[in-house]
Amino acid sequence: MTTAFVIAVPAKGRLQQNAEAFFARTGLELIKPRGARDYRGAIADLPGIEVAYLSAAEIVDLLAQGVVHFGVTGEDLLREKIADADQHVILLDGLGFGFANVVVAVPQAWIDVHSMADLDDVATAFRLKHERKMRLATKYVNLTRSFFSTHGVTDYRIVESAGATEGAPAAGTAELIVDITTTGATLAANGLRVIEDGVILRSQANLVAARAANWGAAERDMARVVLDRIAAQTRARAFREVRTRFAGWDAALLAEAKDLFGVETPFGGPTSSGMLTLHCPPKHVHALATRLREKGAENVVVADLGYVFSRANPLYSKLEAGLGPRA
Amino acid sequence: MTSTSAAPDGRADTLLASFERAGYARVTPAILQPAEPFLDLSGEDIRKRMYLTTDPQGRELCLRPDLTIPVSRDYLASSPAGTPQAFCYLGPVFRHRAEGAGEFLQAGIESFGRLDTAAADAEMLALGLEATAHYGLGAPDIRMGDVALFSALIAALDLAPAWKRRLIKDFNHKTSLVQDLDRLAISASHARPEYQGVLAALAGSDPKAAHALVTDLLSIAGITAVGGRSVGEIADRFLEQSALGAQISLPRETRALIEKFLAIGGDPDEAAADLRAFAREARIALDAPLDLFESRTGFLAARGVDVGRIRFSTAFGRGLDYYTGFVFELYEPGAQAAGQLVAGGRYDGLLTRLGSASAISAVGFAVWIERLAQLRDTP
């Protein structure tokens with residue numbers, strides 16, 4: 001364990017499926033050489049990497065201790081379980097799954113409460129009237145405390161909740177809750193409503209590096225290989241390739257395309273034969289194709305990209321900036 | 001129990017002996033305490049400084065972070081609860097701190113049930129001064145405040161209830177309310193379009209009828225007591241918002257008045273004269289707390305305290321909402337950053353919040369033993 005480069009991956013459920021799909025897309029195929037029930041795996045074509053299948057909570061602990069190098073876990077757990085999380089881990093990239101917001105929710109019947117300022121006032125009024133503080137059920141004790149502290153709310157008590165937090169107000173064990181929600185449907189079904197400025201954290205699964213892990217030259221090289229694949233695929237997913245042959249292309253048009261559509265030119269201007277290759281964010285592809293034809297392009301061909309490998313690797317740069325220079 | 005083994009020297013024991021001679025019975029509350037009362041009274045922010053644990057039944061316990069609450073709970077649980085009783089203590093308390101050990105010694109005094117408020121207040125400051133003198137510091141810096149004056153001012157102002165709650169709460173929790181007045185604003189969310197018309201219509205109506213209407217509407221929606229707040233409470237505050245009207249930010253003249261009040265300070269005699277003048281000019285009745293204030297100053301002088309050395313400020317609070325009146329802190333001159341040596345005050349609301357059925361007056365202070373012991377090398 002001390003010699004290998006270890007990547008911790010969620011061991012079950014939708015997070016595991018999403019994480020495996022993510023790695024597969026980037027060309028890092030997770031395999032379990034000793035069978036599907038094994039909690040130790042590897043990456044198909046990268047010997048020297050160990051994949052540890054662990055529970056989400058364990059992944060956070062091991063990242064904090066530096067027992068693993070990389071981990072896939074939700075930002076909500078990281079920030080809840082690690083005090084001063086940024087001192088201990090580097091969040092390299094949001095992975096586009098596991099979305100969940102940590103929110104403050106109150107009973108729908110509280111028609112007088114819409115903001116944290118309202119809640120502050122209601123909490124104080126509640127203490128004065130009932131000679132006790134409002135109870136807030138949550139498993140996010142630390143996130144709640146720091147969020148309420150920044151909003152100056154003091155008249156509340158946290159009741160730790162292990163599960164089914166959204167049922168606490170109806171059960172009479174708390175007045176309000178802090179919990180994760182994706183659509184808000186579960187909250188609504190329990191007669192709860194999110195406060196307007198009560199979103200504590202917009203969380204998703206992240207690729208996370210542990211600062212305390214052993215980061216010698218070999219580990220950094222390995223990290224660069226892994227992050228190169230991820231960055232290449234991330235970049236590829238963010239763009240479509242747009243190709244056309246085009247006489248009227250000039251610097252003014254390029255400036256306009258960059259400005260309006262966020263276009264990039266991976267190979268510079270058109271070739272001698274007039275072939276032009278652009279990278280365009282998917283949402284602007286149609287507008288760009290229209291514009292190019294207005295300017296005289298006969299045909300515009302758009303294709304998905306597999307990988308875009310660049311000399312610059314923003315993810316590795318982020319890791320090295322966080323860890324400091326090599327020894 | 002000998003809880004003084006960690007004492008740097010024997011002076012803490014002789015200090016306690018002097019407290020005992022002054023009529024304060026020495027008590028040794030349990031070190032392991034239920035966490036609930038501390039979190040309830042000091043706020044969730046103290047949780048990160050507490051040493052917490054859980055017993056097999058799932059109850060949260062802590063190593064006591066102070067002794068005021070344990071002494072108060074033991075008093076309430078005892079048979080003389082409600083009668084005047086006076087206690088002193090010396091022992092370890094436990095708090096996570098950025099610097100220094102998590103375990104340190106506190107001595108202190110708690111006095112319950114006395115009705116001679118001014119004399120009891122003065123006795124606390126006098127005994128606190130004896131404590132620093134015991135360690136060779138005869139003339140510490142004395143900072144003094146009086147939460148009751150601010151409460152009386154706010155009660156007398158013509159302000160919406162939401163504003164009053166907000167100002168009192170902020171006074172108790174902010175180091176400087178004056179700087180905060182700029183940012184103070186009651187939530188503007190009552191101006192939400194879907195409710196604005198209703199609120200405007202209700203604003204001019206008979207309060208009882210409006211209350212009945214809102215209560216009925218909530219009841220029709222099948223909503224009864226939800227989350228500990230009754231339908232009546234929700235209706236009350238909903239209607240308060242209609243009355244709040246234009247008071248989204250603090251009215252200019254009210255703000256000026258509060259600022260003027262919070263600027264008053266000096267030695268207690270100067271401050272009292274300034275406060276009398278302020279009350280006359282603003283036509284605000286501060287007579288009761290000011291009479292008590294002046295009476296307290298008289299008792300302090302009678303006890304031989306050099307009143308002219310006290311730095312009183314109307315803006316001085318101790319950051320805990322259970323203080324209700326007189327508060328004070330003693331410092332080594334020129335070393336305020338090193339922390340208070342002795343601090344305390346009046347907390348008449350504490351015992352009710354700890355479960356007492358009747359109001360019991362309470363006043364006391366705590367002594368930071370290690371800080372005092374480090375003042376001088378020789379006693």
# chains A, B, ... in the order shown; residues from 1 in each chain; ligands from 1
>>> interface_residues(of="chain A", to="chain B", cutoff="8 Å", atoms="only C-alpha atoms", output="ChimeraX atom specification")
/A:107,109-112,114-115,117-118,121,124-126,131-133,145,149,154-158,169-170,172,174-176
>>> select_by_dssp(residues="segment 114-169 of chain B", states="alpha helix (DSSP H)", output="PyMOL selection string")
chain B and resi 117-134+147-156+161-169
>>> residues_around(residues="segment 297-314 of chain B", least_positions_apart="2", cutoff="10 Å", atoms="only C-alpha atoms", output="JSON, numbers by chain")
{"B": [118, 119, 120, 121, 122, 123, 124, 125, 126, 127, 129, 139, 140, 141, 142, 143, 144, 145, 146, 147, 148, 149, 150, 261, 262, 263, 264, 265, 266, 267, 268, 269, 270, 271, 272, 275, 291, 292, 293, 294, 295, 316, 317, 327, 328, 330]}
>>> select_by_dssp(residues="segment 157-259 of chain A", states="strand (DSSP E or B)", output="VMD selection string")
chain A and resid 157 to 160 176 to 181 192 to 203 205 to 210 240 to 245
>>> residues_around(residues="Leu319 of chain A", least_positions_apart="5", cutoff="9 Å", atoms="only C-alpha atoms", output="PyMOL selection string")
chain A and resi 90-92+209+223+314+324
>>> residues_around(residues="Glu264 of chain A", least_positions_apart="5", cutoff="9 Å", atoms="only C-alpha atoms", output="tab-separated table (two decimals) with C-alpha atoms, in the first residue's frame")
chain	number	residue	atom	x	y	z
A	254	LEU	CA	-11.90	34.46	-35.72
A	257	ALA	CA	-16.18	33.43	-33.29
A	258	LYS	CA	-14.09	33.36	-30.11
A	277	THR	CA	-10.44	23.06	-37.94
A	278	LEU	CA	-12.25	24.67	-35.02
A	279	HIS	CA	-13.19	23.42	-31.56
A	280	CYS	CA	-16.57	24.71	-30.49
>>> residues_around(residues="segment 17-30 of chain A", least_positions_apart="4", cutoff="10 Å", atoms="only C-alpha atoms", output="ChimeraX atom specification")
/A:9-13,41-46,50-51,72-73,95-98,205-207,226-234,236-237,306-307
>>> closest_residue(among="B:Ala107, B:Leu217, B:Leu153, B:Leu15", to="Glu370 of chain B", atoms="only C-alpha atoms")
B:Ala107
>>> atom_distance(atom1="atom CA of Arg127 of chain A", atom2="atom CA of Leu350 of chain B")
13.0 Å
>>> decode(residues="segment 39-80 of chain B", atoms="N, CA and C atoms", output="short mmCIF file (atom, residue, chain, number, x, y, z; two decimals), in the first residue's frame")
data_model
loop_
_atom_site.label_atom_id
_atom_site.label_comp_id
_atom_site.auth_asym_id
_atom_site.auth_seq_id
_atom_site.Cartn_x
_atom_site.Cartn_y
_atom_site.Cartn_z
N LEU B 39 -24.33 23.48 25.18
CA LEU B 39 -24.66 23.80 23.80
C LEU B 39 -25.89 24.71 23.75
N ASP B 40 -26.84 24.43 24.65
CA ASP B 40 -28.07 25.20 24.69
C ASP B 40 -27.81 26.65 25.08
N LEU B 41 -26.95 26.85 26.05
CA LEU B 41 -26.78 28.19 26.60
C LEU B 41 -25.65 28.96 25.94
N SER B 42 -24.61 28.27 25.52
CA SER B 42 -23.49 28.99 24.92
C SER B 42 -23.56 29.00 23.41
N GLY B 43 -24.43 28.17 22.81
CA GLY B 43 -24.57 28.15 21.36
C GLY B 43 -23.75 27.05 20.73
N GLU B 44 -24.14 26.68 19.49
CA GLU B 44 -23.47 25.58 18.79
C GLU B 44 -22.00 25.88 18.53
N ASP B 45 -21.64 27.18 18.50
CA ASP B 45 -20.26 27.53 18.20
C ASP B 45 -19.29 26.96 19.24
N ILE B 46 -19.79 26.73 20.45
CA ILE B 46 -18.89 26.22 21.49
C ILE B 46 -18.57 24.74 21.24
N ARG B 47 -19.40 24.08 20.40
CA ARG B 47 -19.23 22.64 20.17
C ARG B 47 -17.81 22.32 19.69
N LYS B 48 -17.28 23.17 18.82
CA LYS B 48 -15.96 22.87 18.28
C LYS B 48 -14.85 23.06 19.31
N ARG B 49 -15.18 23.70 20.43
CA ARG B 49 -14.17 23.88 21.46
C ARG B 49 -14.32 22.87 22.60
N MET B 50 -15.39 22.07 22.55
CA MET B 50 -15.65 21.16 23.66
C MET B 50 -15.07 19.77 23.41
N TYR B 51 -14.70 19.11 24.50
CA TYR B 51 -14.30 17.71 24.44
C TYR B 51 -15.57 16.88 24.65
N LEU B 52 -16.07 16.32 23.56
CA LEU B 52 -17.36 15.64 23.59
C LEU B 52 -17.17 14.13 23.55
N THR B 53 -18.10 13.43 24.17
CA THR B 53 -18.11 11.99 24.05
C THR B 53 -19.57 11.53 24.15
N THR B 54 -19.77 10.24 23.92
CA THR B 54 -21.12 9.71 23.92
C THR B 54 -21.15 8.48 24.82
N ASP B 55 -22.16 8.36 25.66
CA ASP B 55 -22.25 7.17 26.49
C ASP B 55 -23.00 6.07 25.73
N PRO B 56 -23.02 4.84 26.29
CA PRO B 56 -23.63 3.74 25.52
C PRO B 56 -25.11 3.98 25.19
N GLN B 57 -25.78 4.83 25.94
CA GLN B 57 -27.18 5.13 25.63
C GLN B 57 -27.31 6.21 24.55
N GLY B 58 -26.18 6.71 24.07
CA GLY B 58 -26.23 7.71 23.01
C GLY B 58 -26.32 9.13 23.53
N ARG B 59 -26.24 9.32 24.86
CA ARG B 59 -26.30 10.69 25.40
C ARG B 59 -24.95 11.38 25.20
N GLU B 60 -25.03 12.64 24.82
CA GLU B 60 -23.81 13.41 24.62
C GLU B 60 -23.28 13.93 25.96
N LEU B 61 -22.02 13.63 26.24
CA LEU B 61 -21.38 14.11 27.46
C LEU B 61 -20.17 14.95 27.07
N CYS B 62 -19.72 15.78 28.01
CA CYS B 62 -18.52 16.57 27.73
C CYS B 62 -17.70 16.73 29.00
N LEU B 63 -16.42 17.02 28.82
CA LEU B 63 -15.62 17.50 29.93
C LEU B 63 -16.00 18.97 30.11
N ARG B 64 -16.34 19.35 31.34
CA ARG B 64 -16.92 20.68 31.55
C ARG B 64 -16.06 21.79 30.95
N PRO B 65 -16.66 22.63 30.06
CA PRO B 65 -15.89 23.74 29.49
C PRO B 65 -15.89 24.96 30.41
N ASP B 66 -16.78 24.99 31.40
CA ASP B 66 -16.73 26.03 32.43
C ASP B 66 -17.39 25.47 33.68
N LEU B 67 -17.42 26.26 34.74
CA LEU B 67 -18.01 25.75 35.98
C LEU B 67 -19.31 26.46 36.36
N THR B 68 -19.64 27.54 35.68
CA THR B 68 -20.88 28.25 36.03
C THR B 68 -22.10 27.34 35.86
N ILE B 69 -22.17 26.67 34.71
CA ILE B 69 -23.34 25.82 34.45
C ILE B 69 -23.36 24.61 35.39
N PRO B 70 -22.24 23.89 35.60
CA PRO B 70 -22.28 22.78 36.57
C PRO B 70 -22.67 23.22 37.99
N VAL B 71 -22.12 24.33 38.47
CA VAL B 71 -22.48 24.79 39.82
C VAL B 71 -23.97 25.15 39.87
N SER B 72 -24.46 25.81 38.81
CA SER B 72 -25.86 26.19 38.77
C SER B 72 -26.78 24.96 38.75
N ARG B 73 -26.39 23.94 38.00
CA ARG B 73 -27.23 22.74 37.92
C ARG B 73 -27.25 22.01 39.26
N ASP B 74 -26.09 21.91 39.90
CA ASP B 74 -26.04 21.24 41.20
C ASP B 74 -26.90 21.99 42.22
N TYR B 75 -26.83 23.31 42.15
CA TYR B 75 -27.65 24.14 43.06
C TYR B 75 -29.13 23.89 42.82
N LEU B 76 -29.54 23.86 41.54
CA LEU B 76 -30.95 23.64 41.22
C LEU B 76 -31.41 22.26 41.67
N ALA B 77 -30.52 21.29 41.63
CA ALA B 77 -30.88 19.93 42.01
C ALA B 77 -30.88 19.73 43.52
N SER B 78 -30.35 20.71 44.26
CA SER B 78 -30.23 20.54 45.71
C SER B 78 -31.50 21.02 46.40
N SER B 79 -31.67 20.62 47.67
CA SER B 79 -32.89 20.99 48.37
C SER B 79 -32.99 22.49 48.68
N PRO B 80 -31.89 23.20 48.94
CA PRO B 80 -32.05 24.64 49.19
C PRO B 80 -32.26 25.47 47.92
#
